[in-house]
Every structure is written in structure tokens, then in C-alpha cells.
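Participant: Below are the C-alpha cells for one structure; questions will follow.
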Amino acid sequence: MASSNRKTSRKSRGHGGPPEGLEAFFGPDGPLAEAMPGYELRREQLEVAEAIEHALRVGKPCLAEAGTGVGKTLAYLVPAVRAALEGKRTIISTHTISLQSQLIEKDIPLVLSLFPGAEERVSFELMKGRGNYLCKQSLNLAQGDLLLMTDPQFRRVRKWAAAEDCTGDLADLGFTFSAWSELISTPETCRGQECSFYNTCHYYRMRWAAAESSLIVVNHALFFSDLALRLTDSQSGFLPDYDHVIFDEAHHLEDVATRTFGVEFSSKRLSGVADRIKHVKGLDLDRSRLDTLEMLGSALFAPFLEAGKSSFFFDDVLPKASTRQEAEAQGSAACAAISTLQNDLLKIARDDEVIRDRADGLARICGRTREELHRLFFEKDENAIRWGEISTGGRGPRSEPRVTLYLTPISVAAVLEDALWKRMRERGGSVTMVSATLANSGGFSYQRSRLGVPADAVEAVIGSPFDFKKQAMLYVPGHLPAPEPTAAYVDRLVCEVERILLLSGGRAFLLFTSRYMLNTVFDRLVDRSPFPLFRQGDLPPGKLVEAFRASGTGCLFGTQTFWEGVDIQGESLSCVIIDKLPFAVPDSPITRARTEAITQAGGDWFRDYSIPQAQIRLKQGFGRLIRTRDDRGIVCILDSRILSRSYGSEFVKHLPPAARASLWPRVERFWRESVEPSDAQAP
């Protein structure tokens, strides 16, 4: 594509000239061109690589948005490998398993092959949490679990574990085993070097391999778990020391950090601990202790189960001082019961090594349970909220409601200052955040405020190399009213959806901001649509995508899962319909707490929080359509507020620069001239 057609924007700060050799590397005569048939130099990819390598070399943070088609993985892997050849170790953190697999199986081997001698000098490893690995000690101790020993699936696990080539990795098991949690180690049950299986431990073999590697691939949850451990003890992390970290899919960082640095405690937690202890054969324990613990757990969670709301603040359920004191008294009693149980476990069967090891592990589980329960009810933290949500556990008529209580940080910025930014400054290392959807309004003000990114960060907003004006149209129907929960509005929305699908011949993603609207529109269309309809939840996500592809003219109805990370190329996806602007639910406890904090600090919660969040989300949905230079199609956002409200232009301005229409004849003309396949299937 000629350079005049490239739709690229770039803003940078603190960015020097290009590091020596990068332009030649990505150039038309470079090693990438030699290795990849049909390779074309993408200036956008080079600019992202330059920004990231500069940040690595000077030890600064980097924020980079790389639009669809830029090739961001190669843009950060080339600098990471160059750093590895200079003796630097880089952690590459992703959000999804699919991207981890792509890095390990394809992208890293490709980049290493492009540097002479790199395949011998630079090693790489995928690190997973210990919950992904079979624990040989737990498997051995499971011989005393009567329920497991009578399970035929457990016999299959034992056969798999006995094979010489067994990796111990759950991903290689080949079938589902519901009691897998009984066969893994936890930080509480692992005995480390004292374990007789230490030298052949699957989990530690992975860690030893990572300790010898220059490039280590992890997921965000594992990375932040390591940070959380190092906050309390700088020597207790499980990741090897590293010089740099690169976060791909970085728009997920706040959500992952929020979960990691908070507490999550289910109403089934205490009964689960009691059940786990009951199943262990040979424990000489007063069983009344377990009954007491279960009883206290039921009493503790009873007021929350009766809250009458799907989500709530503690203060909503415990509005009076007397009820709060009663709940705290129940919490204290439960903590005391757990401590008593823990002490009992530490005293029994000191002369039986197997029972002692199992009891010690269970005692440590009790200790962690008590610690989290105490934090949940008694920790003083002005930067945290206490809230809960009620869900239905399981399916069918016997499903029971359960409540999960949370202690959640309002802002993770302060936590990350100590856990990440300060630590990396002291080490002289860099932190790179990269994503196809990271910026808001052309900059990174939202990510900076939410994550506490230091002021000296290198910034790069790099657009897509695709020619969106030719490849795509953005349609916002001006005749629709603003979204509202009325039958009349739903009627008009469904009519508009039908008209669009008849034009596109199906072949569409329909992305909704709520499950209610998804089901409402699906139910209206399922019996009268000439195209196959697929609804999220009716099949597993992977199966649903396969069925959609195979159908040729299918329409996939999805909510959050399908707004990002799904890559459908070609004519089978020629239309994306978004029901309305994806603003966060304003009355959810976390959103309420965060917007109130912004207001109290003198900010504008709608401008500073809701709009940036929705902008990023909308770009993710838009990005499902154009995945290659050959893709064509229309994105339909059925929310007339884009045209009528003052903030609407801000959304459109920072979407890919597609052709635009608010009148139907223009959409029809664009479809006929740019999209309609020669063998279009009329309904």
C-alpha cells in the first residue's frame, strides 16, 4: 500500500532517534524480509519497535498503542531479543493463553532464527502458576482419600502421571478431571526442598528452566501474584529476577491488579476447608471442630445471602452499628475457630511422616484462610471497599445461591508505585505496556491515572497500516432514538438489525453491552432470521466460533468475551453490529467507588473515567471487523448519542478512520461498491 494511504498517527515523548540497526532489520532487505515470503516494510511496526527499544535502553516506562495489522509482537520481540543478546532478561506478560502459545510456538522461535547464534545463546520458557502442575506429593497422599480412590478418572490420572514423558502440566492431561485441585500443591502445602519429590517436581523443573532463560512468558495474573509476594518479602517471589517487563494486552492490567491485590472470599470457602480435611484418611481430629466451623460460616454469610441484591456494599447490608458489630463478632468467632483447627492439625500424628505432611499443609491452608477472612472484616484501608455479590452455584433445580465478599482497592496506582514502578526504577529496568487498544482520545491520560505510570514514560500512538476508508464503513443510524429500556425502542432496534443483516447476508458479529439485550434481540430473531444464529453461552466460546465460521452466513450474538481477542478473517465476518456505547454499569460497587473517589478529588468522573473506559472498549469491538488488508465490511453502532451528544464526536474521532454514514442509502452504496461478494447469498 502506498505511504499516502497509510492511516498512521504517532505521538511520542522522550523518544530519541532510532536505535542502530532496527530500520535495517525491518527493512525490505533485512532478515525479516528474507524469512517471510511476501514481507512488506510497515513503518508503523518500525516506529513501535523504536519506541520500545529506546525505553529498554534508557530504563524508562513505555506506553504504546499499535493498531490492528501493525505486528506488535514482532515489534517488541526484536528489542527483547537484542536485549537478551546483551545479557538482559525480559518478562513478557500476556492476558490470554492463545497469545502465550503463539509466542512460545511461533513468534519467539522466528525472531531468534533471525539473529546469528541467538538460538544457541538465548533460551525461553513459559511459566505457569503451580495450580497448572500435578504435585507428586499430593498424588501420593491422595491414596488416603477414599473418594478419589473410587473415582475411575483418578485412575486415568495416575496412569498419565506414571508415564515417562509426563510433563505434569494440566494442559497435557487430555481429559477433564473435576478433582484436579486435590492433586496440586499450593504455597501452603508445598514443602519445597524438604519434599522427597523435590528433585523431580514438575513445577520446580519449570521454575529451574525459567531461571536459566532470557525470555520468560507469563500471564498477568502470575506476574502480579509475584509482585504481591515481593511486597511483603522481597525474596519470596517465584519469578527469576528480571531487567525488563513487557505487558502485551496491557489494557487488562487494572482489572488483574485489582483482583490480585484484593481479597475474594466465598460463602463456600469455610465449608470447603472442612470438607477437604474430612476426606483425609488417618487424621485423628475432633470432628466437632469441623462442624463448628461450617456452622459459623453459615451464620457469618447469612445476612449477605439475604441482601436482596445481586451486588452490594457491606454498608448496604449492615447499615446499623449494631448489625456491623454482630457481623464482626461472627467474623472474630470464625477466625478463632480456624485458629483452633490449625493448632489441632499441627499437634496430631507427629510420628507418622505422611499424615504429618498432610496435616501441616492443611494447617497452612487454615492459616491463609484465617488471614484473608480477618483482612476482609477488620483491615483498615481507606483505599479499599468492602462489597459482595450473589450468584447461583451450579445449574438445575438444586442450584444454590452463594455470596462472594471482596476487599477491593479503589485505585491500584498507589499499590503499583511500591510494587512495580519504584522497584523497576531502582533496578534501572523498563516496563512496556502495549496493546491495540490502550489509548483514549489519542493519548494515555486514562492509563496513567489508573495505573500510576511515571511522568517520564515514552509514548507512541501508532495507527493501523490498513486503508480503512476503502475497507470499512462506520454506520450510526441517525433516525434511532437514544437507547432506553422500553418495548418501543427494542422494536426499532430489532428492525434496524434485521435490515443490516439482510444487506450483509448474515456474516455478522452482534456485540451487546448486556446479557438482557442480547437475549431479547436473539429471541426476536431466532425464528424469523434466514441466517443461522449463534448465541454466547449455548456452546463453549471456541466451539461457537468454529460453528460460526463453518456456517458461512452465520450471526454470532456475544457480550464481553467476543468484544476482543476473536480473529475472524475473510468474508465470513463482514459486519459488526454494536447495540450501544459500552459504558460501564454505573451502579456496580467498584464503579461507584471509583467514580466517587474521582469526584471527591475534584475530577469529573464521566470525563475522566467513564468516557475513556468506553472509548477503549468501543475500539475493541470495532477491531473485530478488519483483520487483514483484504477484509471489507461495515461497523454499525446503533447508538444515536454519538450524533446527538457532545461527547459523541470524541468517540468517532479516535476510531479507525473508516468511511462514515448516518443515512441508509450511503450504507447500501458502500456495500455494493466495496464489500458485496460476487457470490453473495441472498436470503
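In the C-alpha cells, the first chain shown is A, the next is B, and so on; residue numbers restart at 1 for each chain, and ligands run from 1 in the order shown.
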May I have the residues within 8 Å of Leu625 in chain A as a PyMOL selection string, using only C-alpha atoms and disregarding those fewer than 2 positions away in the same chain?

Facilitator: chain A and resi 568+573-576+622-623+627+631-635

Participant: Using the selection just defined, write its residues with N, CA and C atoms as an mmCIF file, in the first residue's frame.

Facilitator:
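File part.cif, as written:
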data_model
loop_
_atom_site.group_PDB
_atom_site.id
_atom_site.type_symbol
_atom_site.label_atom_id
_atom_site.label_comp_id
_atom_site.auth_asym_id
_atom_site.auth_seq_id
_atom_site.Cartn_x
_atom_site.Cartn_y
_atom_site.Cartn_z
ATOM 1 N N ILE A 568 -11.445 -13.299 13.189
ATOM 2 C CA ILE A 568 -12.148 -13.919 12.067
ATOM 3 C C ILE A 568 -11.770 -13.151 10.805
ATOM 4 N N LEU A 573 -16.913 -12.860 8.174
ATOM 5 C CA LEU A 573 -17.263 -11.771 9.078
ATOM 6 C C LEU A 573 -17.133 -10.468 8.299
ATOM 7 N N SER A 574 -18.252 -9.945 7.852
ATOM 8 C CA SER A 574 -18.270 -8.723 7.047
ATOM 9 C C SER A 574 -19.057 -7.604 7.702
ATOM 10 N N CYS A 575 -19.567 -7.853 8.879
ATOM 11 C CA CYS A 575 -20.383 -6.843 9.551
ATOM 12 C C CYS A 575 -20.262 -7.015 11.058
ATOM 13 N N VAL A 576 -20.079 -5.905 11.766
ATOM 14 C CA VAL A 576 -20.095 -5.891 13.229
ATOM 15 C C VAL A 576 -21.173 -4.909 13.666
ATOM 16 N N PHE A 622 -14.904 -2.541 17.522
ATOM 17 C CA PHE A 622 -14.662 -2.131 16.144
ATOM 18 C C PHE A 622 -13.573 -2.995 15.516
ATOM 19 N N GLY A 623 -12.565 -3.315 16.301
ATOM 20 C CA GLY A 623 -11.416 -4.064 15.783
ATOM 21 C C GLY A 623 -11.705 -5.484 15.373
ATOM 22 N N ARG A 627 -9.237 -7.372 9.869
ATOM 23 C CA ARG A 627 -8.091 -8.096 10.419
ATOM 24 C C ARG A 627 -6.942 -8.226 9.421
ATOM 25 N N ASP A 631 -9.772 -7.621 4.035
ATOM 26 C CA ASP A 631 -11.094 -7.608 4.660
ATOM 27 C C ASP A 631 -11.871 -6.352 4.268
ATOM 28 N N ARG A 632 -13.172 -6.518 4.151
ATOM 29 C CA ARG A 632 -14.069 -5.408 3.855
ATOM 30 C C ARG A 632 -15.312 -5.558 4.729
ATOM 31 N N GLY A 633 -15.972 -4.440 5.057
ATOM 32 C CA GLY A 633 -17.199 -4.578 5.820
ATOM 33 C C GLY A 633 -17.674 -3.283 6.434
ATOM 34 N N ILE A 634 -18.731 -3.409 7.244
ATOM 35 C CA ILE A 634 -19.316 -2.246 7.914
ATOM 36 C C ILE A 634 -19.399 -2.509 9.416
ATOM 37 N N VAL A 635 -19.158 -1.464 10.187
ATOM 38 C CA VAL A 635 -19.373 -1.477 11.625
ATOM 39 C C VAL A 635 -20.573 -0.586 11.904
#

Participant: Skip Gly21 in chain A itself and residues of its chain fewer than 5 positions away, then list as a list in words all residues within 10 Å of it, counting only C-alpha atoms.

Facilitator: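 The filter keeps Phe26, Gly27 and Gly30 of chain A.
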
Participant: Find the residues near Asp608 in chain A: any atom within 8 Å, counting only C-alpha atoms, skip ones fewer than 4 places away on the same chain, and give them as a CSV table (one decimal) with all heavy atoms, in the first residue's frame.

Facilitator:
chain,number,residue,atom,x,y,z
A,446,TYR,N,-5.8,8.2,30.7
A,446,TYR,CA,-6.6,7.3,31.5
A,446,TYR,C,-5.6,6.2,32.1
A,446,TYR,O,-5.7,6.0,33.3
A,446,TYR,CB,-7.6,6.7,30.6
A,446,TYR,CG,-8.5,5.6,31.3
A,446,TYR,CD1,-9.4,6.0,32.3
A,446,TYR,CD2,-8.3,4.3,31.1
A,446,TYR,CE1,-10.2,5.0,32.9
A,446,TYR,CE2,-9.0,3.3,31.7
A,446,TYR,CZ,-10.0,3.7,32.7
A,446,TYR,OH,-10.7,2.7,33.3
A,598,ILE,N,-13.0,9.9,42.3
A,598,ILE,CA,-12.6,10.9,41.3
A,598,ILE,C,-13.3,12.2,41.6
A,598,ILE,O,-12.7,13.3,41.6
A,598,ILE,CB,-12.9,10.4,39.9
A,598,ILE,CG1,-12.0,9.3,39.5
A,598,ILE,CG2,-12.8,11.6,38.9
A,598,ILE,CD1,-12.4,8.6,38.2
A,603,GLY,N,-12.2,15.8,40.3
A,603,GLY,CA,-12.3,15.4,38.9
A,603,GLY,C,-13.7,15.3,38.4
A,603,GLY,O,-14.7,15.4,39.2
A,604,ASP,N,-13.8,15.0,37.2
A,604,ASP,CA,-15.1,14.7,36.5
A,604,ASP,C,-15.2,13.2,36.2
A,604,ASP,O,-14.5,12.8,35.3
A,604,ASP,CB,-15.2,15.6,35.3
A,604,ASP,CG,-16.6,15.4,34.6
A,604,ASP,OD1,-17.1,14.3,34.6
A,604,ASP,OD2,-17.1,16.4,34.0
A,612,PRO,N,-13.3,7.5,28.8
A,612,PRO,CA,-12.1,6.8,28.4
A,612,PRO,C,-12.2,5.2,28.4
A,612,PRO,O,-11.8,4.6,27.5
A,612,PRO,CB,-11.0,7.2,29.4
A,612,PRO,CG,-11.5,8.5,30.0
A,612,PRO,CD,-13.0,8.4,30.0

Participant: Please list as a list in words every residue within 9 Å of Leu416 in chain A, counting only C-alpha atoms and excluding residues in the same chain fewer than 3 positions away.

Facilitator: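 Non-adjacent residues within range: Leu227, Ala257, Val412, Ala413, Ala419, Leu420, Trp421, Lys422, Leu451, Gly452 and Val453 of chain A.
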
Participant: Could those residues be written to a file, using N, CA, C and O atoms, as a PDB file, in the first residue's frame?

Facilitator:
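Final output, saved to again32.pdb:
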ATOM      1  N   LEU A 227       4.446  -9.957  42.258  1.00  0.00           N
ATOM      2  CA  LEU A 227       4.618  -8.625  42.846  1.00  0.00           C
ATOM      3  C   LEU A 227       4.032  -8.566  44.249  1.00  0.00           C
ATOM      4  O   LEU A 227       4.620  -7.972  45.151  1.00  0.00           O
ATOM      5  N   ALA A 257      -4.759  -6.450  38.335  1.00  0.00           N
ATOM      6  CA  ALA A 257      -4.139  -5.952  39.569  1.00  0.00           C
ATOM      7  C   ALA A 257      -5.184  -5.776  40.671  1.00  0.00           C
ATOM      8  O   ALA A 257      -4.919  -6.061  41.845  1.00  0.00           O
ATOM      9  N   VAL A 412      -5.403   1.094  42.062  1.00  0.00           N
ATOM     10  CA  VAL A 412      -4.201   0.265  42.169  1.00  0.00           C
ATOM     11  C   VAL A 412      -2.946   1.090  41.935  1.00  0.00           C
ATOM     12  O   VAL A 412      -1.829   0.574  42.063  1.00  0.00           O
ATOM     13  N   ALA A 413      -3.106   2.372  41.591  1.00  0.00           N
ATOM     14  CA  ALA A 413      -1.941   3.203  41.279  1.00  0.00           C
ATOM     15  C   ALA A 413      -0.972   3.272  42.455  1.00  0.00           C
ATOM     16  O   ALA A 413       0.248   3.137  42.294  1.00  0.00           O
ATOM     17  N   ALA A 419       5.024  -1.589  44.380  1.00  0.00           N
ATOM     18  CA  ALA A 419       5.240  -2.954  43.911  1.00  0.00           C
ATOM     19  C   ALA A 419       5.972  -3.019  42.581  1.00  0.00           C
ATOM     20  O   ALA A 419       6.758  -3.935  42.351  1.00  0.00           O
ATOM     21  N   LEU A 420       5.725  -2.045  41.693  1.00  0.00           N
ATOM     22  CA  LEU A 420       6.267  -2.124  40.330  1.00  0.00           C
ATOM     23  C   LEU A 420       7.159  -0.952  39.961  1.00  0.00           C
ATOM     24  O   LEU A 420       8.345  -1.136  39.670  1.00  0.00           O
ATOM     25  N   TRP A 421       6.600   0.261  39.979  1.00  0.00           N
ATOM     26  CA  TRP A 421       7.346   1.393  39.433  1.00  0.00           C
ATOM     27  C   TRP A 421       8.610   1.699  40.233  1.00  0.00           C
ATOM     28  O   TRP A 421       9.686   1.878  39.644  1.00  0.00           O
ATOM     29  N   LYS A 422       8.500   1.761  41.553  1.00  0.00           N
ATOM     30  CA  LYS A 422       9.676   2.048  42.387  1.00  0.00           C
ATOM     31  C   LYS A 422      10.712   0.949  42.239  1.00  0.00           C
ATOM     32  O   LYS A 422      11.917   1.218  42.110  1.00  0.00           O
ATOM     33  N   LEU A 451      -3.113   3.530  36.540  1.00  0.00           N
ATOM     34  CA  LEU A 451      -2.001   2.645  36.886  1.00  0.00           C
ATOM     35  C   LEU A 451      -0.823   3.378  37.521  1.00  0.00           C
ATOM     36  O   LEU A 451       0.152   2.739  37.921  1.00  0.00           O
ATOM     37  N   GLY A 452      -0.898   4.709  37.613  1.00  0.00           N
ATOM     38  CA  GLY A 452       0.194   5.464  38.226  1.00  0.00           C
ATOM     39  C   GLY A 452       1.463   5.471  37.407  1.00  0.00           C
ATOM     40  O   GLY A 452       2.570   5.508  37.972  1.00  0.00           O
ATOM     41  N   VAL A 453       1.341   5.444  36.085  1.00  0.00           N
ATOM     42  CA  VAL A 453       2.523   5.388  35.217  1.00  0.00           C
ATOM     43  C   VAL A 453       3.363   6.646  35.418  1.00  0.00           C
ATOM     44  O   VAL A 453       2.835   7.764  35.391  1.00  0.00           O
TER      45      VAL A 453
END

Participant: With distances taken over only C-alpha atoms, which of A:Ile246, A:Ala363, A:Ala55, A:Ala66 is nearest to Gln342 in chain A?

Facilitator: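 Comparing A:Ile246, A:Ala363, A:Ala55, A:Ala66 against Gln342 in chain A, the winner is A:Ala363.
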
Participant: Determine which residues of range 85-280 of chain A receive a DSSP assignment of strand (DSSP E), computed from the backbone, and state them as a list of chain:residue names.

Facilitator: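 Those in range 85-280 of chain A that DSSP calls strand (DSSP E) are A:Thr90, A:Ile91, A:Ile92, A:Ser93, A:Thr94, A:Phe124, A:Glu125, A:Leu126, A:Leu215, A:Ile216, A:Val217, A:Val218, A:Asn219, A:His244, A:Val245, A:Ile246, A:Phe247, A:Asp248, A:Val263, A:Glu264, A:Phe265, A:Ser266.
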
Participant: Let me make sure I understand: among A:Val434, A:Met149, A:Val256, A:Val566, which one has the smallest atom-to-atom distance to Leu74 in chain A if we use only C-alpha atoms?

Facilitator: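 The shortest atom-to-atom distance to Leu74 in chain A comes from A:Val434.
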
Participant: Please extract the residues of range 259-396 of chain A with a backbone DSSP assignment of helix (DSSP H, G or I) and present them as a ChimeraX atom specification.

Facilitator: /A:259-260,269-278,287-305,314-317,321-347,353-378

Participant: Using only C-alpha atoms, determine which residues lie at most 7 Å from Ser123 in chain A, disregarding the query and same-chain residues fewer than 3 positions distant; provide the list as a VMD selection string.

Facilitator: chain A and resid 213 to 215

Participant: Include all heavy atoms and write out the residues we just selected as a PDB file, in the first residue's frame.

Facilitator:
ATOM      1  N   SER A 213      16.643 -18.896  31.633  1.00  0.00           N
ATOM      2  CA  SER A 213      16.143 -18.339  30.380  1.00  0.00           C
ATOM      3  C   SER A 213      16.256 -16.822  30.353  1.00  0.00           C
ATOM      4  O   SER A 213      16.196 -16.157  31.381  1.00  0.00           O
ATOM      5  CB  SER A 213      14.677 -18.742  30.170  1.00  0.00           C
ATOM      6  OG  SER A 213      14.549 -20.147  30.100  1.00  0.00           O
ATOM      7  N   SER A 214      16.389 -16.299  29.140  1.00  0.00           N
ATOM      8  CA  SER A 214      16.475 -14.853  28.941  1.00  0.00           C
ATOM      9  C   SER A 214      15.118 -14.235  28.649  1.00  0.00           C
ATOM     10  O   SER A 214      14.907 -13.049  28.889  1.00  0.00           O
ATOM     11  CB  SER A 214      17.422 -14.535  27.778  1.00  0.00           C
ATOM     12  OG  SER A 214      18.712 -15.039  28.020  1.00  0.00           O
ATOM     13  N   LEU A 215      14.210 -15.033  28.078  1.00  0.00           N
ATOM     14  CA  LEU A 215      12.861 -14.579  27.780  1.00  0.00           C
ATOM     15  C   LEU A 215      11.885 -15.494  28.502  1.00  0.00           C
ATOM     16  O   LEU A 215      11.921 -16.711  28.310  1.00  0.00           O
ATOM     17  CB  LEU A 215      12.583 -14.611  26.270  1.00  0.00           C
ATOM     18  CG  LEU A 215      13.495 -13.765  25.374  1.00  0.00           C
ATOM     19  CD1 LEU A 215      13.160 -14.025  23.910  1.00  0.00           C
ATOM     20  CD2 LEU A 215      13.347 -12.282  25.691  1.00  0.00           C
TER      21      LEU A 215
END

Participant: With a distance cut-off of 9 Å and only C-alpha atoms, select the neighbouring residues of Leu556 in chain A, excluding the residue or stretch itself and same-chain residues fewer than 4 positions from it, and output the selection as a PyMOL selection string.

Facilitator: chain A and resi 507-511+532-536+544-545+548

Participant: Output N, CA and C atoms of each residue in that selection to a file, as a PDB file, in the first residue's frame.

Facilitator:
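File written: again-v8.pdb
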ATOM      1  N   ARG A 507     -23.359 -13.118   8.185  1.00  0.00           N
ATOM      2  CA  ARG A 507     -21.899 -12.912   8.285  1.00  0.00           C
ATOM      3  C   ARG A 507     -21.551 -11.795   9.261  1.00  0.00           C
ATOM      4  N   ALA A 508     -22.160 -11.830  10.434  1.00  0.00           N
ATOM      5  CA  ALA A 508     -22.050 -10.699  11.349  1.00  0.00           C
ATOM      6  C   ALA A 508     -21.771 -11.128  12.776  1.00  0.00           C
ATOM      7  N   PHE A 509     -21.048 -10.258  13.490  1.00  0.00           N
ATOM      8  CA  PHE A 509     -20.956 -10.285  14.939  1.00  0.00           C
ATOM      9  C   PHE A 509     -21.925  -9.243  15.482  1.00  0.00           C
ATOM     10  N   LEU A 510     -22.760  -9.632  16.432  1.00  0.00           N
ATOM     11  CA  LEU A 510     -23.620  -8.682  17.122  1.00  0.00           C
ATOM     12  C   LEU A 510     -23.147  -8.603  18.564  1.00  0.00           C
ATOM     13  N   LEU A 511     -22.580  -7.469  18.929  1.00  0.00           N
ATOM     14  CA  LEU A 511     -21.944  -7.294  20.232  1.00  0.00           C
ATOM     15  C   LEU A 511     -22.827  -6.438  21.124  1.00  0.00           C
ATOM     16  N   PRO A 532     -28.238 -18.565  10.070  1.00  0.00           N
ATOM     17  CA  PRO A 532     -28.009 -19.284  11.334  1.00  0.00           C
ATOM     18  C   PRO A 532     -27.601 -18.301  12.439  1.00  0.00           C
ATOM     19  N   LEU A 533     -28.193 -18.451  13.601  1.00  0.00           N
ATOM     20  CA  LEU A 533     -27.879 -17.582  14.732  1.00  0.00           C
ATOM     21  C   LEU A 533     -27.156 -18.382  15.810  1.00  0.00           C
ATOM     22  N   PHE A 534     -26.109 -17.800  16.360  1.00  0.00           N
ATOM     23  CA  PHE A 534     -25.309 -18.445  17.399  1.00  0.00           C
ATOM     24  C   PHE A 534     -25.235 -17.505  18.594  1.00  0.00           C
ATOM     25  N   ARG A 535     -25.538 -18.037  19.768  1.00  0.00           N
ATOM     26  CA  ARG A 535     -25.612 -17.204  20.968  1.00  0.00           C
ATOM     27  C   ARG A 535     -24.550 -17.623  21.977  1.00  0.00           C
ATOM     28  N   GLN A 536     -23.841 -16.644  22.490  1.00  0.00           N
ATOM     29  CA  GLN A 536     -22.849 -16.903  23.533  1.00  0.00           C
ATOM     30  C   GLN A 536     -23.504 -17.615  24.706  1.00  0.00           C
ATOM     31  N   LEU A 544     -18.285 -22.215  19.533  1.00  0.00           N
ATOM     32  CA  LEU A 544     -19.184 -21.238  18.939  1.00  0.00           C
ATOM     33  C   LEU A 544     -18.527 -20.562  17.733  1.00  0.00           C
ATOM     34  N   VAL A 545     -17.265 -20.196  17.869  1.00  0.00           N
ATOM     35  CA  VAL A 545     -16.545 -19.564  16.758  1.00  0.00           C
ATOM     36  C   VAL A 545     -16.386 -20.536  15.594  1.00  0.00           C
ATOM     37  N   PHE A 548     -19.680 -20.758  13.813  1.00  0.00           N
ATOM     38  CA  PHE A 548     -19.901 -19.522  13.060  1.00  0.00           C
ATOM     39  C   PHE A 548     -19.121 -19.538  11.751  1.00  0.00           C
TER      40      PHE A 548
END

Participant: CA of Ala83 in chain A and CA of Gly428 in chain A, how far apart in Å?

Facilitator: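 So the answer is 13.6 Å.
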
Participant: Residues near range 488-495 of chain A, anyone? I mean within 12 Å using only C-alpha atoms, not counting same-chain ones fewer than 2 positions away, as an NGL selection string.

Facilitator: :A and (477 or 479-486 or 497-502 or 510 or 516-526 or 528-529 or 577-580 or 636-640)

Participant: Can you work out which one of A:Lys309, A:Arg592, A:Arg191, A:Arg43 has the shortest atom-to-atom distance to Ile462 in chain A, counting only C-alpha atoms?

Facilitator: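 Of A:Lys309, A:Arg592, A:Arg191, A:Arg43, the one nearest Ile462 in chain A is A:Arg43, counting only C-alpha atoms.
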
Participant: Could you work out how far CA of Asn219 in chain A lies from CA of Thr94 in chain A, giving the answer in Å with one decimal?

Facilitator: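 If I compute the distance from CA of Thr94 in chain A to CA of Asn219 in chain A, I get 4.7 Å.
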
Participant: Could you work out how far CA of Glu254 in chain A lies from CA of Pro401 in chain A, giving the answer in Å with one decimal?

Facilitator: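 It comes out at 28.6 Å.
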
Participant: Which residue is closest to Gly429 in chain A? Choose from A:Cys201, A:Leu183, A:Leu293, A:Ile91 and count only C-alpha atoms.

Facilitator: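 That would be A:Ile91, the residue with the smallest distance to Gly429 in chain A.
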
Participant: Go through A:Lys347, A:His374, A:Arg624, A:Arg356 and flag the residue nearest Ala329 in chain A, using only C-alpha atoms for the distances.

Facilitator: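 When distances to Ala329 in chain A are compared using only C-alpha atoms, the smallest one comes from A:His374.
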
Participant: Between A:Gln137, A:Gly192, A:Pro540, A:Pro454, which is the closest to Val354 in chain A once you count only C-alpha atoms?

Facilitator: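 Using only C-alpha atoms, Val354 in chain A sits closest to A:Gln137.
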